[in-house]
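The structure appears right after this line, and notes come after that.
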Amino acid sequence: MIRKALCTIVPLMTTAVCAAAEKPNIVIIYIDDMGIGDIGCYGGRFVPTPNIDKLAEEGLRFEQYYSAAPVSSPSRCGLTTGMFPLEVGINTYLHEKAGNRKCEQRDYLDDRLPSMARAFHEAGYATAHIGKWHMGGGRDVYNAPSIHNYGFDEYVSTYESPDPDPAITATRWIWSDKDSVKRWRRTEYFVDRSIDFIRRHKGLPFFLNLWPDDMHTPWVPESLAGKKGQWGKQHAFEPVLAELDRQIGRFVEALDQMGLTENTLIIFTSDNGPAPSFKSQRTTQLRGMKNSLYEGGIRMPFIIKYPKRIEAGRVNSRSVVCAVDLYPSLCSIAGIPTEKGYKGDGQNCAKILLGKSDARRKSDLMWDFGRNKHFASPADPYHTGVRTLPFGAVNGNFW
């Protein structure tokens, strides 16, 4: 009532400011290669993750959320488009053109396909992508579309993108000791840029992808900066996880300080399972890991916080939700239309995400990975199983 009165009584208030008072801000924090067992509130025992756990304490935690794929590029494409990766023609991580051909996939996500950010942009949101992209560009792919084409006003991206940020790409690889922003400060840098974006668009609703990449190997804490042989070991992983958690806390605190917490919807999740899994500790003993169609490869942590509409401290262990559901669901929650003619594979789970329902799934899900010998599968056969295993779920029953 107060918001509506303000917009009526103060005729000089802009339409944008009035709209911002009604429309929720959207933040998708998409971690790279994070296992469900990395986080304390899911049973993780590596290092405390108090800031991520606090998101769950203040929001809603899901126990049956699934990524669209067990590896980076198709996972990100599924979330972005609301379509199964098989339909968009990207089956595994995007690499050199020759490797893409061997894996029977395209070189980049077609910018004519749907894009969740574009729907929010068309609805008047300020939009930004900050962090890992990996949906085209980098390596020897020079013709990938600009990130702007997918509906983003601005972006800061890593090596595997069409226009990487020079501060984190001094060389043609995912990181370098020559980068002006060191590996152990990347998430801090992404959080800084995210906070700056939000501050510069005060008065407008915003849609933000905050996609850190430092849980992907190599793990390079400052204490091990010159010790390359240690970068894949648990004692390198743990301080990187602790720093990620600290930066998530810093980002949420900045929202608090700007008075945006109540009307900001934050999603915290991961693109795919971990690698390495440390004998399945990082998957809470679920079979599978990155590049695997078993649960450890596709069942991800998923926390949603939206104080204005979601009751704090709840857990949904019954509903099956997938990354492809987020496009139609978030548009519904925000009260905006999807793109004209949009036909995705996800279902509108708005009531489930808001904690108003714990209904079983009504539509099928499917996954595809490993159709030929060129796909990178886990070295341990226990985590690999059958190389190609499309499967689905109806009403939460898997086969």
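Ordering of the structure tokens sets the chain letters (A, B, ...), residue numbers begin anew at 1 in every chain, and ligands are numbered from 1 in the order given.
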
message: Neighbouring residues of range 181-196 of chain A were defined as those with any atom within 6 Å, considering only C-alpha atoms; residues of the same chain fewer than 3 positions away were excluded. Please report them as a list of chain:residue names.
response: A:Ala167, A:Ile168, A:Arg199, A:Pro212, A:Val220, A:Pro221, A:Glu222, A:Gln247

message: Residues within 7 Å of range 130-132 of chain A, please, as an MDAnalysis selection string. Count only C-alpha atoms; anything in the same chain fewer than 6 positions from it doesn't count.
response: chainID A and resid 155:158 190 194 209:213

Based on the selection just made, write N, CA and C atoms of those residues as a PDB file, in the first residue's frame.
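Contents of out29.pdb, as written:
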```pdb
ATOM      1  N   TYR A 155      29.004  -6.548 -18.951  1.00  0.00           N
ATOM      2  CA  TYR A 155      29.540  -7.836 -18.533  1.00  0.00           C
ATOM      3  C   TYR A 155      31.009  -7.714 -18.176  1.00  0.00           C
ATOM      4  N   VAL A 156      31.447  -8.649 -17.349  1.00  0.00           N
ATOM      5  CA  VAL A 156      32.861  -8.880 -17.034  1.00  0.00           C
ATOM      6  C   VAL A 156      33.046 -10.382 -17.160  1.00  0.00           C
ATOM      7  N   SER A 157      33.884 -10.833 -18.087  1.00  0.00           N
ATOM      8  CA  SER A 157      33.944 -12.267 -18.340  1.00  0.00           C
ATOM      9  C   SER A 157      35.371 -12.799 -18.339  1.00  0.00           C
ATOM     10  N   THR A 158      35.478 -14.107 -18.198  1.00  0.00           N
ATOM     11  CA  THR A 158      36.759 -14.799 -18.102  1.00  0.00           C
ATOM     12  C   THR A 158      37.241 -15.240 -19.480  1.00  0.00           C
ATOM     13  N   PHE A 190      35.011 -10.101  -8.760  1.00  0.00           N
ATOM     14  CA  PHE A 190      33.657 -10.228  -9.304  1.00  0.00           C
ATOM     15  C   PHE A 190      32.621  -9.606  -8.365  1.00  0.00           C
ATOM     16  N   SER A 194      30.200  -6.497  -9.181  1.00  0.00           N
ATOM     17  CA  SER A 194      28.757  -6.671  -9.009  1.00  0.00           C
ATOM     18  C   SER A 194      28.169  -5.556  -8.147  1.00  0.00           C
ATOM     19  N   ASN A 209      23.834 -11.941 -13.114  1.00  0.00           N
ATOM     20  CA  ASN A 209      24.546 -13.217 -13.011  1.00  0.00           C
ATOM     21  C   ASN A 209      25.866 -12.957 -12.309  1.00  0.00           C
ATOM     22  N   LEU A 210      26.066 -13.541 -11.142  1.00  0.00           N
ATOM     23  CA  LEU A 210      27.356 -13.510 -10.454  1.00  0.00           C
ATOM     24  C   LEU A 210      27.887 -14.932 -10.479  1.00  0.00           C
ATOM     25  N   TRP A 211      28.820 -15.201 -11.411  1.00  0.00           N
ATOM     26  CA  TRP A 211      29.256 -16.569 -11.705  1.00  0.00           C
ATOM     27  C   TRP A 211      30.756 -16.739 -11.437  1.00  0.00           C
ATOM     28  N   PRO A 212      31.162 -16.913 -10.172  1.00  0.00           N
ATOM     29  CA  PRO A 212      32.580 -17.102  -9.853  1.00  0.00           C
ATOM     30  C   PRO A 212      33.119 -18.411 -10.424  1.00  0.00           C
ATOM     31  N   ASP A 213      34.441 -18.466 -10.579  1.00  0.00           N
ATOM     32  CA  ASP A 213      35.036 -19.676 -11.175  1.00  0.00           C
ATOM     33  C   ASP A 213      36.135 -20.299 -10.332  1.00  0.00           C
TER      34      ASP A 213
END
```

message: When DSSP is applied to the backbone of this structure, which of range 169-253 of chain A are assigned helix (DSSP H, G or I)? Write them out as a PyMOL selection string.
response: chain A and resi 183-200+222-224+228-230+234-253

task: Enter the distance from CA of Glu63 in chain A to CA of Pro274 in chain A, in Å, rounded to one decimal.
output: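 CA of Glu63 in chain A sits 16.8 Å away from CA of Pro274 in chain A.
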
query: Which neighbours of Gln64 in chain A fall inside 12 Å, counting only C-alpha atoms, when residues of the same chain fewer than 2 positions from it are skipped, and could you give them as a count of residues only?
result: 32

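Between Ile26 in chain A and the residues A:Asn291, A:Gln230, A:Asn263, A:Ser280, the shortest atom-to-atom distance, using only C-alpha atoms, involves A:Asn263.
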
- prompt: Nearest to Ser161 in chain A: which of A:Ile198, A:Ile304, A:Val252, A:Val141 is it, counting only C-alpha atoms?
  reply: A:Val141

Strand (DSSP E) residues, from DSSP on the backbone, in range 147-396 of chain A, as a PyMOL selection string: chain A and resi 154-157+206-211+264-270+299-305+314-316+321-322+393-394

Suppose we keep N, CA and C atoms; can you now write the selection as a PDB file, in the first residue's frame?
```
ATOM      1  N   GLU A 154      25.785  -5.032 -19.609  1.00  0.00           N
ATOM      2  CA  GLU A 154      27.233  -4.996 -19.397  1.00  0.00           C
ATOM      3  C   GLU A 154      27.697  -6.349 -18.881  1.00  0.00           C
ATOM      4  N   TYR A 155      29.004  -6.548 -18.951  1.00  0.00           N
ATOM      5  CA  TYR A 155      29.540  -7.836 -18.533  1.00  0.00           C
ATOM      6  C   TYR A 155      31.009  -7.714 -18.176  1.00  0.00           C
ATOM      7  N   VAL A 156      31.447  -8.649 -17.349  1.00  0.00           N
ATOM      8  CA  VAL A 156      32.861  -8.880 -17.034  1.00  0.00           C
ATOM      9  C   VAL A 156      33.046 -10.382 -17.160  1.00  0.00           C
ATOM     10  N   SER A 157      33.884 -10.833 -18.087  1.00  0.00           N
ATOM     11  CA  SER A 157      33.944 -12.267 -18.340  1.00  0.00           C
ATOM     12  C   SER A 157      35.371 -12.799 -18.339  1.00  0.00           C
ATOM     13  N   PHE A 206      17.188  -4.832 -11.071  1.00  0.00           N
ATOM     14  CA  PHE A 206      18.340  -5.392 -11.781  1.00  0.00           C
ATOM     15  C   PHE A 206      18.286  -6.904 -11.814  1.00  0.00           C
ATOM     16  N   PHE A 207      18.885  -7.440 -12.877  1.00  0.00           N
ATOM     17  CA  PHE A 207      19.086  -8.889 -13.059  1.00  0.00           C
ATOM     18  C   PHE A 207      20.586  -9.097 -13.164  1.00  0.00           C
ATOM     19  N   LEU A 208      21.151  -9.903 -12.272  1.00  0.00           N
ATOM     20  CA  LEU A 208      22.597 -10.074 -12.200  1.00  0.00           C
ATOM     21  C   LEU A 208      22.982 -11.546 -12.167  1.00  0.00           C
ATOM     22  N   ASN A 209      23.834 -11.941 -13.114  1.00  0.00           N
ATOM     23  CA  ASN A 209      24.546 -13.217 -13.011  1.00  0.00           C
ATOM     24  C   ASN A 209      25.866 -12.957 -12.309  1.00  0.00           C
ATOM     25  N   LEU A 210      26.066 -13.541 -11.142  1.00  0.00           N
ATOM     26  CA  LEU A 210      27.356 -13.510 -10.454  1.00  0.00           C
ATOM     27  C   LEU A 210      27.887 -14.932 -10.479  1.00  0.00           C
ATOM     28  N   TRP A 211      28.820 -15.201 -11.411  1.00  0.00           N
ATOM     29  CA  TRP A 211      29.256 -16.569 -11.705  1.00  0.00           C
ATOM     30  C   TRP A 211      30.756 -16.739 -11.437  1.00  0.00           C
ATOM     31  N   THR A 264      15.171  -8.325  -2.911  1.00  0.00           N
ATOM     32  CA  THR A 264      16.119  -8.990  -3.808  1.00  0.00           C
ATOM     33  C   THR A 264      16.021 -10.501  -3.651  1.00  0.00           C
ATOM     34  N   LEU A 265      15.793 -11.174  -4.769  1.00  0.00           N
ATOM     35  CA  LEU A 265      15.740 -12.634  -4.805  1.00  0.00           C
ATOM     36  C   LEU A 265      17.130 -13.141  -5.174  1.00  0.00           C
ATOM     37  N   ILE A 266      17.735 -13.907  -4.281  1.00  0.00           N
ATOM     38  CA  ILE A 266      19.064 -14.484  -4.522  1.00  0.00           C
ATOM     39  C   ILE A 266      18.939 -15.986  -4.671  1.00  0.00           C
ATOM     40  N   ILE A 267      19.496 -16.509  -5.741  1.00  0.00           N
ATOM     41  CA  ILE A 267      19.631 -17.955  -5.917  1.00  0.00           C
ATOM     42  C   ILE A 267      21.102 -18.310  -5.813  1.00  0.00           C
ATOM     43  N   PHE A 268      21.397 -19.315  -5.025  1.00  0.00           N
ATOM     44  CA  PHE A 268      22.765 -19.830  -4.897  1.00  0.00           C
ATOM     45  C   PHE A 268      22.755 -21.284  -5.329  1.00  0.00           C
ATOM     46  N   THR A 269      23.554 -21.615  -6.367  1.00  0.00           N
ATOM     47  CA  THR A 269      23.619 -22.989  -6.846  1.00  0.00           C
ATOM     48  C   THR A 269      24.933 -23.209  -7.589  1.00  0.00           C
ATOM     49  N   SER A 270      25.054 -24.346  -8.260  1.00  0.00           N
ATOM     50  CA  SER A 270      26.295 -24.714  -8.945  1.00  0.00           C
ATOM     51  C   SER A 270      25.988 -25.282 -10.314  1.00  0.00           C
ATOM     52  N   ARG A 299      23.050 -33.473  -9.234  1.00  0.00           N
ATOM     53  CA  ARG A 299      22.266 -32.948  -8.118  1.00  0.00           C
ATOM     54  C   ARG A 299      23.097 -31.902  -7.382  1.00  0.00           C
ATOM     55  N   MET A 300      22.590 -30.692  -7.344  1.00  0.00           N
ATOM     56  CA  MET A 300      23.361 -29.543  -6.887  1.00  0.00           C
ATOM     57  C   MET A 300      22.745 -28.895  -5.647  1.00  0.00           C
ATOM     58  N   PRO A 301      23.549 -28.154  -4.906  1.00  0.00           N
ATOM     59  CA  PRO A 301      22.960 -27.311  -3.867  1.00  0.00           C
ATOM     60  C   PRO A 301      22.067 -26.253  -4.514  1.00  0.00           C
ATOM     61  N   PHE A 302      21.018 -25.893  -3.839  1.00  0.00           N
ATOM     62  CA  PHE A 302      20.132 -24.838  -4.354  1.00  0.00           C
ATOM     63  C   PHE A 302      19.463 -24.150  -3.182  1.00  0.00           C
ATOM     64  N   ILE A 303      19.782 -22.873  -3.033  1.00  0.00           N
ATOM     65  CA  ILE A 303      19.227 -22.055  -1.971  1.00  0.00           C
ATOM     66  C   ILE A 303      18.598 -20.822  -2.614  1.00  0.00           C
ATOM     67  N   ILE A 304      17.410 -20.459  -2.173  1.00  0.00           N
ATOM     68  CA  ILE A 304      16.761 -19.254  -2.676  1.00  0.00           C
ATOM     69  C   ILE A 304      16.314 -18.406  -1.487  1.00  0.00           C
ATOM     70  N   LYS A 305      16.692 -17.152  -1.531  1.00  0.00           N
ATOM     71  CA  LYS A 305      16.341 -16.202  -0.468  1.00  0.00           C
ATOM     72  C   LYS A 305      15.630 -15.002  -1.087  1.00  0.00           C
ATOM     73  N   ARG A 314      13.345 -22.779   5.805  1.00  0.00           N
ATOM     74  CA  ARG A 314      12.609 -23.976   5.399  1.00  0.00           C
ATOM     75  C   ARG A 314      13.440 -24.841   4.461  1.00  0.00           C
ATOM     76  N   VAL A 315      13.072 -26.118   4.371  1.00  0.00           N
ATOM     77  CA  VAL A 315      13.743 -27.086   3.495  1.00  0.00           C
ATOM     78  C   VAL A 315      12.682 -27.804   2.679  1.00  0.00           C
ATOM     79  N   ASN A 316      12.889 -27.896   1.374  1.00  0.00           N
ATOM     80  CA  ASN A 316      12.006 -28.665   0.498  1.00  0.00           C
ATOM     81  C   ASN A 316      12.769 -29.905   0.052  1.00  0.00           C
ATOM     82  N   VAL A 321      13.275 -29.908  -8.910  1.00  0.00           N
ATOM     83  CA  VAL A 321      13.419 -28.674  -9.678  1.00  0.00           C
ATOM     84  C   VAL A 321      14.689 -28.773 -10.502  1.00  0.00           C
ATOM     85  N   CYS A 322      14.661 -28.206 -11.705  1.00  0.00           N
ATOM     86  CA  CYS A 322      15.815 -28.268 -12.605  1.00  0.00           C
ATOM     87  C   CYS A 322      16.163 -26.861 -13.088  1.00  0.00           C
ATOM     88  N   ALA A 393      12.473 -37.938 -15.332  1.00  0.00           N
ATOM     89  CA  ALA A 393      11.696 -38.039 -14.113  1.00  0.00           C
ATOM     90  C   ALA A 393      10.263 -37.645 -14.398  1.00  0.00           C
ATOM     91  N   VAL A 394       9.357 -38.398 -13.874  1.00  0.00           N
ATOM     92  CA  VAL A 394       7.952 -38.035 -13.923  1.00  0.00           C
ATOM     93  C   VAL A 394       7.431 -38.060 -12.493  1.00  0.00           C
TER      94      VAL A 394
END
```

Point-to-point distance from CA of Lys373 in chain A to CA of Asn91 in chain A, Å rounded to tenths: 13.2 Å

query: Near Glu96 in chain A, counting only C-alpha atoms, which residues have an atom at most 7 Å away, once you skip same-chain residues fewer than 3 positions from it, shown as a list in words?
result: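 With the cut-off at 7 Å, the set is Gly99, Asn100, Arg139, Asp140 and Val141 of chain A.
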
Store the residues picked out above in a file with N, CA and C atoms, as an mmCIF file, in the first residue's frame.
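Wrote it out as part20.cif, contents follow:
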```
data_model
loop_
_atom_site.group_PDB
_atom_site.id
_atom_site.type_symbol
_atom_site.label_atom_id
_atom_site.label_comp_id
_atom_site.auth_asym_id
_atom_site.auth_seq_id
_atom_site.Cartn_x
_atom_site.Cartn_y
_atom_site.Cartn_z
ATOM 1 N N GLY A 99 37.752 -30.014 -31.422
ATOM 2 C CA GLY A 99 37.182 -30.790 -30.329
ATOM 3 C C GLY A 99 35.675 -30.708 -30.288
ATOM 4 N N ASN A 100 35.137 -29.556 -30.610
ATOM 5 C CA ASN A 100 33.680 -29.422 -30.660
ATOM 6 C C ASN A 100 33.080 -30.325 -31.735
ATOM 7 N N ARG A 139 39.659 -19.787 -26.760
ATOM 8 C CA ARG A 139 40.387 -20.820 -27.505
ATOM 9 C C ARG A 139 40.502 -20.360 -28.961
ATOM 10 N N ASP A 140 40.060 -21.164 -29.931
ATOM 11 C CA ASP A 140 40.182 -20.719 -31.326
ATOM 12 C C ASP A 140 38.823 -20.360 -31.934
ATOM 13 N N VAL A 141 37.849 -20.062 -31.098
ATOM 14 C CA VAL A 141 36.515 -19.665 -31.565
ATOM 15 C C VAL A 141 36.424 -18.144 -31.494
#
```

- prompt: Which residues come within 7 Å of Ile90 in chain A, counting only C-alpha atoms, excluding same-chain residues fewer than 5 positions away, as a ChimeraX atom specification?
  reply: /A:74,85,105-106

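The gap separating CA of Ala56 in chain A from CA of Ala117 in chain A is 24.8 Å, in Å to one decimal.
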
message: Using only C-alpha atoms, which protein or nucleic acid residues come within 9 Å of Met135 in chain A? Drop anything in the same chain fewer than 5 positions from it, and give the result as a list in words.
response: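 Residues meeting the cut-off are Ser72, Ser73, Pro74, Arg76, Cys77, Ile90, Tyr93, Leu94, Asp107, Tyr108, Leu109, Ala144, Glu160 and Ser161 of chain A.
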
- prompt: Which residues come within 8 Å of Leu353 in chain A, counting only C-alpha atoms, excluding same-chain residues fewer than 3 positions away, as a PyMOL selection string?
  reply: chain A and resi 60+304+329+349-350+356

Proximity check range 51-165 of chain A to range 237-245 of chain A, 12 Å, nearest pairs one decimal Å, only C-alpha atoms, as CSV:
```
residue,atom,partner,partner_atom,distance
A:Asn51,CA,A:Asp245,CA,5.8
A:Ile52,CA,A:Asp245,CA,6.2
A:Asp53,CA,A:Asp245,CA,9.2
A:Lys54,CA,A:Asp245,CA,10.4
A:Leu55,CA,A:Asp245,CA,10.9
```
